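A.B. asks: Provided herewith is a single structure, encoded as structure tokens, for subsequent inquiry.
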Amino acid sequence: MPTEIAFLPVTGRCRCENARFRLEAEPIITHACHCRLCQRSSGSAFGTVSMIESHFVRLIAGKTQASQGAKSHKQIQCAECGCTLWVHRPDLGDGIALVRVGMLDEPERLPPEAHYYVRSKHPWITLPPGVPAFADIGDPGKPGVRERIMAMIAHGGSLPAAG
Ligand SMILES: [Zn+2]
Ligand SMILES: [Zn+2]
């Protein structure tokens with residue numbers, strides 16, 4: 001896919017900076033979620049994650065550990081500081097990673113392309129015009145999203161066949 005070749009990898013790290021990782025392809029989609037769970041787990045107004053095939057997320061330093069989060073999410077954390085770097089959702093499988101954008105070294109490169117659960121959005125937040133927003137979830141209409149997600153689910157989370 002040309003977009004993946006053109007994508008300049010973006011690095012990320014945990015709070016203690018022992019665990020470092022790199023996204024080696026353009027994420028499938030980046031979204032902000034304003035649901036109560038994301039507000040609680042981020043301790044803030046919303047969570048922002050980039051969805052990407054797990055084989056494009058490369059750990060380049062440190063060690064990670066997995067722990068069980070809310071709704072059976074598998075949280076991949078720095079083994080030193082326990083900071084969550086990315087999450088696997090049971091419905092998407094281990095082949096899809098939801099990377100916390102706040103962990104990236106250049107988070108401004110991946111602004112939300114959709115806003116979900118705006119029904120519980122904090123009233124002081126004004127959403128940018130032109131970015132799809134949904135009361136709960138919805139299809140933001142970005143080309144290729146469904147195909148990339150379905151490809152990973154179909155392959156059971158393993159690397160898709162080359163070519
Ligand atoms: Zn750490
Ligand atoms: Zn949420």
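By convention here, the chains of the structure tokens are called A, B, ... in the order presented, each chain's residues are numbered starting at 1, and ligands are numbered starting at 1 in the order presented.
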Once you count only C-alpha atoms and all ligand atoms, which residues end up within 10 Å of ligand 1, and could you hand them over as a count of residues only?

C.D. replies: 20

A.B. asks: Could you give me, as JSON, numbers by chain, the residues within 8 Å of His34 in chain A, counting only C-alpha atoms and dropping anything in the same chain fewer than 4 positions from it?

C.D. replies: {"A": [38, 39, 45, 46, 47, 115, 116, 117, 118, 119, 120, 121, 122]}

A.B. asks: So which residues touch Glu113 in chain A within 10 Å, counting only C-alpha atoms, skipping near sequence neighbours fewer than 6 positions away, as an MDAnalysis selection string?

C.D. replies: chainID A and resid 29:32 50 130:133 140:142

A.B. asks: Interatomic distance between CA of His88 in chain A and CA of Pro128 in chain A?

C.D. replies: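 For CA of His88 in chain A relative to CA of Pro128 in chain A, the distance reads 27.9 Å.
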
A.B. asks: Find the residue from A:Met103, A:Ile137, A:Leu127, A:Leu98 that sits nearest to Thr11 in chain A; use only C-alpha atoms when measuring.

C.D. replies: A:Met103

A.B. asks: For Ile149 in chain A, list every protein, DNA or RNA residue within 8 Å, evaluated using only C-alpha atoms, and leave out those in the same chain fewer than 4 positions away; present the list as a list in words.

C.D. replies: Ile28, Glu53, Leu92, Ile96, Val145 and Ile153 of chain A

A.B. asks: Can those selected residues be exported to a file as a PDB file, in the first residue's frame so that it contains C-alpha atoms?

C.D. replies:
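Result saved to selection-v1.pdb:
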ATOM      1  CA  ILE A  28      -5.769   2.507  10.051  1.00  0.00           C
ATOM      2  CA  GLU A  53      -2.067  -3.746  12.655  1.00  0.00           C
ATOM      3  CA  LEU A  92     -10.705  -7.164  17.153  1.00  0.00           C
ATOM      4  CA  ILE A  96      -5.107  -5.024  15.941  1.00  0.00           C
ATOM      5  CA  VAL A 145     -10.558   1.049   7.238  1.00  0.00           C
ATOM      6  CA  ILE A 153      -9.453 -10.536  11.891  1.00  0.00           C
TER       7      ILE A 153
END

A.B. asks: My list of candidates is A:Phe21, A:Trp124, A:Phe7, A:Phe134. Which is closest to ligand 2 when distances are computed with only C-alpha atoms and all ligand atoms?

C.D. replies: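 The closest residue to ligand 2 is A:Phe134.
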
A.B. asks: Pick the closest to ligand 2 from A:Leu104, A:Ala154, A:Arg40, A:Leu8: which is it, counting only C-alpha atoms and all ligand atoms?

C.D. replies: A:Arg40

A.B. asks: Would you pick out the contacts of Pro27 in chain A at 9 Å or less, using only C-alpha atoms, so that residues sharing its chain but fewer than 3 positions from it are not included, and give the list as a short mmCIF file (atom, residue, chain, number, x, y, z; two decimals) with C-alpha atoms, in the first residue's frame?

C.D. replies:
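Output (selection_25.cif):
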data_model
loop_
_atom_site.label_atom_id
_atom_site.label_comp_id
_atom_site.auth_asym_id
_atom_site.auth_seq_id
_atom_site.Cartn_x
_atom_site.Cartn_y
_atom_site.Cartn_z
CA GLU A 4 2.38 2.68 4.21
CA LEU A 23 4.67 2.65 14.47
CA GLU A 24 5.95 1.52 11.11
CA THR A 30 -7.05 7.61 14.80
CA SER A 50 -4.56 5.04 16.75
CA MET A 51 -5.76 1.70 15.43
CA ILE A 52 -3.04 -0.20 13.59
CA GLU A 53 -2.07 -3.75 12.65
CA PHE A 56 3.41 -2.55 12.51
CA LEU A 110 -2.04 11.81 14.38
#

A.B. asks: Please report, as a PyMOL selection string, each residue of chain A to which DSSP assigns strand (DSSP E) when run on this structure's backbone.

C.D. replies: chain A and resi 10-13+20-23+29-33+47-53+57-61+64-68+74-78+84-88+96-100+114-116

A.B. asks: Going by DSSP on the backbone, which bits of chain A are helix (DSSP H, G or I)? Write them as a PyMOL selection string, please.

C.D. replies: chain A and resi 2-6+36-42+54-56+70-72+101-103+107-109+118-120+145-154

A.B. asks: CA of Glu26 in chain A and CA of Ala97 in chain A are how many Å apart?

C.D. replies: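 Computing it gives 12.7 Å between the two atoms.
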
A.B. asks: With only C-alpha atoms and all ligand atoms as the atoms that count, which of A:Ala135, A:Met150, A:Val49, A:Cys35 lies nearest to ligand 2?

C.D. replies: A:Cys35
